[in-house]
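Structure first, then comments.
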Amino acid sequence: MSTTSPSIPSNPVAERRSRAKVLPPPHTRGGMPLMEALSLRRSTREYASRALPLQSLSDLLWAAYGINRADCGDYTAPYWRHIAVLDVYVAMTDGVWRYSPERHLLMPHLPVDLRAATGLQDFVGTAPVNLIYVAHGDRMHDLTPEQRRLYASVDAAFIGQNVYLYCAGSGLASVFRGAFDEASLAKAMHLGADEFITFTQTVGYPRHAESDHHG
């Protein structure tokens with residue numbers, strides 16, 4: 001008679017959580033005054049390749065779509081009918097991650113560098129961070145597909161402006177982009193049938209900062 005204990009099935013949710021990228025608490029006080037950040041806000045298409053420090057990534061994601069009212073779970077960006085229809089994915093050299101605002105960490109999505117697939121311009125493949133704004137159409141009831149895309153795109157634009165202002169106040173560069181192959185990127189990300197990509201956004205140091213950093 002065998003004494004071998006039966007194997008216990010692994011818990012994929014627990015395994016994914018164990019591989020999550022823990023972010024340091026975001027800096028939510030101080031920083032550049034709003035009017036100065038607005039005066040510096042611009043789109044940039046030339047980036048240094050060096051990675052963002054983990055603290056900067058933490059601050060960036062909180063500014064983009066973090067929880068700023070813990071008592072009610074509301075976000076730094078307004079959103080349609082008080083229904084969170086967007087997920088923010090982060091494409092970096094070590095793969096694609098999904099930002100969890102509630103826990104302020106990055107959940108692993110794909111262990112593949114998909115940065116080059118997030119846009120049609122060459123710089124997206126070497127910039128350290130590309131944000132991908134993915135909408136869940138199944139959360140938007142009683143709307144036509146066109147209306148779903150419209151409202152989700154507005155929500156993405158709110159997040160994009162938060163990213164722009166954070167970058168302007170932190171010495172980073174950014175550009176909000178609609179030039180990407182949506183079908184190819186959605187397939188590469190293994191998105192569901194009811195999910196669609198609204199926009200992408202590149203973040204990194206401006207190219208001149210690379211020589212400043214090393215010089």
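Order determines the names: the first chain of the structure tokens is A, the second B, and so forth; residues in each chain are numbered 1 upward, and ligands are numbered 1 upward as they are shown.
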Taking the DSSP secondary structure from the backbone, can you list the residues of stretch 133-187 of chain A that are helix (DSSP H, G or I), as a count of residues only? 35
Report as a list in words all protein, DNA and RNA residues lying within 7 Å of A:Asp59, evaluated on only C-alpha atoms, omitting residues in the same chain fewer than 4 positions from it. Pro26, His27, Gln55 and Ala63 of chain A
Those same residues, written as a PDB file, in the first residue's frame with C-alpha atoms?
ATOM      1  CA  PRO A  26       4.022  56.767  -2.740  1.00  0.00           C
ATOM      2  CA  HIS A  27       5.072  60.285  -1.884  1.00  0.00           C
ATOM      3  CA  GLN A  55      10.106  54.931  -5.883  1.00  0.00           C
ATOM      4  CA  ALA A  63      -0.491  59.840  -9.448  1.00  0.00           C
TER       5      ALA A  63
END
Could you name the residues that touch stretch 157-164 of chain A at 6 Å or less, counting only C-alpha atoms, but leaving out those on the same chain fewer than 3 positions away, as a PyMOL selection string? chain A and resi 64+77+154+167
Considering only C-alpha atoms, return as a tab-separated table (two decimals) with C-alpha atoms, in the first residue's frame whatever protein or nucleic-acid residues lie within 9 Å of A:Ala179, sequence-local ones (same chain, fewer than 6 positions apart) excluded.
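Here's the written file result-v8.tsv:
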chain	number	residue	atom	x	y	z
A	118	THR	CA	2.91	49.18	-27.61
A	119	GLY	CA	3.37	51.63	-30.47
A	120	LEU	CA	4.44	52.26	-34.03
A	121	GLN	CA	7.37	54.58	-33.23
A	199	PHE	CA	-4.46	54.47	-25.45
A	200	THR	CA	-0.85	53.89	-24.47
Which residues of stretch 95-170 of chain A come within 10 Å of stretch 183-186 of chain A, and for each one, what is the closest pair of atoms and their distance in Å to one decimal, counting only C-alpha atoms, sorted by chain and residue number, as a tab-separated table?
residue	atom	partner	partner_atom	distance
A:Leu114	CA	A:Leu185	CA	8.4
A:Arg115	CA	A:Leu185	CA	9.9
A:Ala116	CA	A:Leu185	CA	9.7
A:Ala117	CA	A:Leu185	CA	6.0
A:Thr118	CA	A:Leu185	CA	6.5
A:Gly119	CA	A:Leu185	CA	8.7
A:Ile132	CA	A:Leu185	CA	9.7
A:Val134	CA	A:Ala186	CA	9.1
What is the atom CA of A:Glu182-atom CA of A:Ala135 distance in Å, reported with one decimal? 12.4 Å
Expected answer as JSON, numbers by chain: strand (DSSP E or B) residues in stretch 90-120 of chain A: {"A": [90, 91, 92, 95, 96, 97, 98, 99, 100, 105, 106, 107, 108, 109, 110]}
Limited to N, CA and C atoms, could you put the picked residues into a file as a tab-separated table (two decimals), in the first residue's frame?
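Done, and the output landed in again.tsv:
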chain	number	residue	atom	x	y	z
A	90	VAL	N	1.58	47.95	-17.19
A	90	VAL	CA	2.90	48.56	-17.27
A	90	VAL	C	3.82	47.61	-18.01
A	91	ALA	N	4.30	48.04	-19.19
A	91	ALA	CA	5.23	47.24	-19.99
A	91	ALA	C	6.65	47.74	-19.74
A	92	MET	N	7.50	46.83	-19.25
A	92	MET	CA	8.89	47.15	-18.95
A	92	MET	C	9.79	46.03	-19.46
A	95	GLY	N	8.82	42.45	-18.32
A	95	GLY	CA	7.50	41.92	-18.62
A	95	GLY	C	6.40	42.95	-18.52
A	96	VAL	N	5.17	42.45	-18.54
A	96	VAL	CA	3.97	43.28	-18.46
A	96	VAL	C	3.31	43.03	-17.11
A	97	TRP	N	2.98	44.10	-16.44
A	97	TRP	CA	2.41	44.04	-15.10
A	97	TRP	C	1.09	44.80	-15.07
A	98	ARG	N	0.18	44.39	-14.21
A	98	ARG	CA	-1.08	45.12	-14.02
A	98	ARG	C	-1.03	45.83	-12.67
A	99	TYR	N	-1.28	47.12	-12.70
A	99	TYR	CA	-1.26	47.90	-11.47
A	99	TYR	C	-2.54	47.64	-10.68
A	100	SER	N	-2.37	47.33	-9.40
A	100	SER	CA	-3.50	47.17	-8.48
A	100	SER	C	-3.56	48.40	-7.59
A	105	LEU	N	0.41	47.74	-5.77
A	105	LEU	CA	1.49	46.87	-6.20
A	105	LEU	C	1.25	46.46	-7.64
A	106	LEU	N	2.24	45.81	-8.23
A	106	LEU	CA	2.15	45.36	-9.62
A	106	LEU	C	1.97	43.85	-9.65
A	107	MET	N	0.88	43.42	-10.29
A	107	MET	CA	0.61	42.00	-10.43
A	107	MET	C	1.21	41.50	-11.75
A	108	PRO	N	1.88	40.37	-11.75
A	108	PRO	CA	2.48	39.87	-13.00
A	108	PRO	C	1.40	39.49	-14.01
A	109	HIS	N	1.61	39.89	-15.25
A	109	HIS	CA	0.67	39.55	-16.32
A	109	HIS	C	1.34	38.66	-17.36
A	110	LEU	N	2.48	39.13	-17.90
A	110	LEU	CA	3.23	38.34	-18.88
A	110	LEU	C	4.72	38.55	-18.65
Find the residues near A:Ser39: any atom within 12 Å, counting only C-alpha atoms, skip ones fewer than 5 places away on the same chain, and give them as an NGL selection string. :A and (32-34 or 164-165 or 168-169)
Atoms to include: N, CA, C and O atoms. Write the selected residues as a CSV table (one decimal), in the first residue's frame.
chain,number,residue,atom,x,y,z
A,32,MET,N,6.3,69.8,-7.1
A,32,MET,CA,6.2,71.0,-7.8
A,32,MET,C,4.8,71.6,-7.7
A,32,MET,O,3.8,70.9,-7.8
A,33,PRO,N,4.7,73.0,-7.5
A,33,PRO,CA,3.3,73.6,-7.6
A,33,PRO,C,2.6,73.3,-8.9
A,33,PRO,O,3.3,73.2,-10.0
A,34,LEU,N,1.3,73.2,-8.9
A,34,LEU,CA,0.6,72.8,-10.1
A,34,LEU,C,0.8,73.7,-11.3
A,34,LEU,O,1.0,73.2,-12.4
A,164,TYR,N,1.1,63.0,-17.2
A,164,TYR,CA,1.8,64.2,-17.8
A,164,TYR,C,2.3,65.2,-16.6
A,164,TYR,O,3.4,65.6,-16.6
A,165,LEU,N,1.4,65.5,-15.7
A,165,LEU,CA,1.7,66.5,-14.7
A,165,LEU,C,2.7,65.9,-13.7
A,165,LEU,O,3.6,66.6,-13.3
A,168,ALA,N,6.0,66.1,-15.5
A,168,ALA,CA,6.5,67.5,-15.6
A,168,ALA,C,7.1,68.0,-14.3
A,168,ALA,O,8.1,68.7,-14.3
A,169,GLY,N,6.5,67.5,-13.2
A,169,GLY,CA,7.0,68.0,-11.9
A,169,GLY,C,8.1,67.1,-11.4
A,169,GLY,O,8.7,67.4,-10.3
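Take the candidates A:Thr126, A:Thr144, A:Ser153, A:Ser58 and check each one against A:Tyr79 using only C-alpha atoms; the shortest distance goes to A:Ser153.
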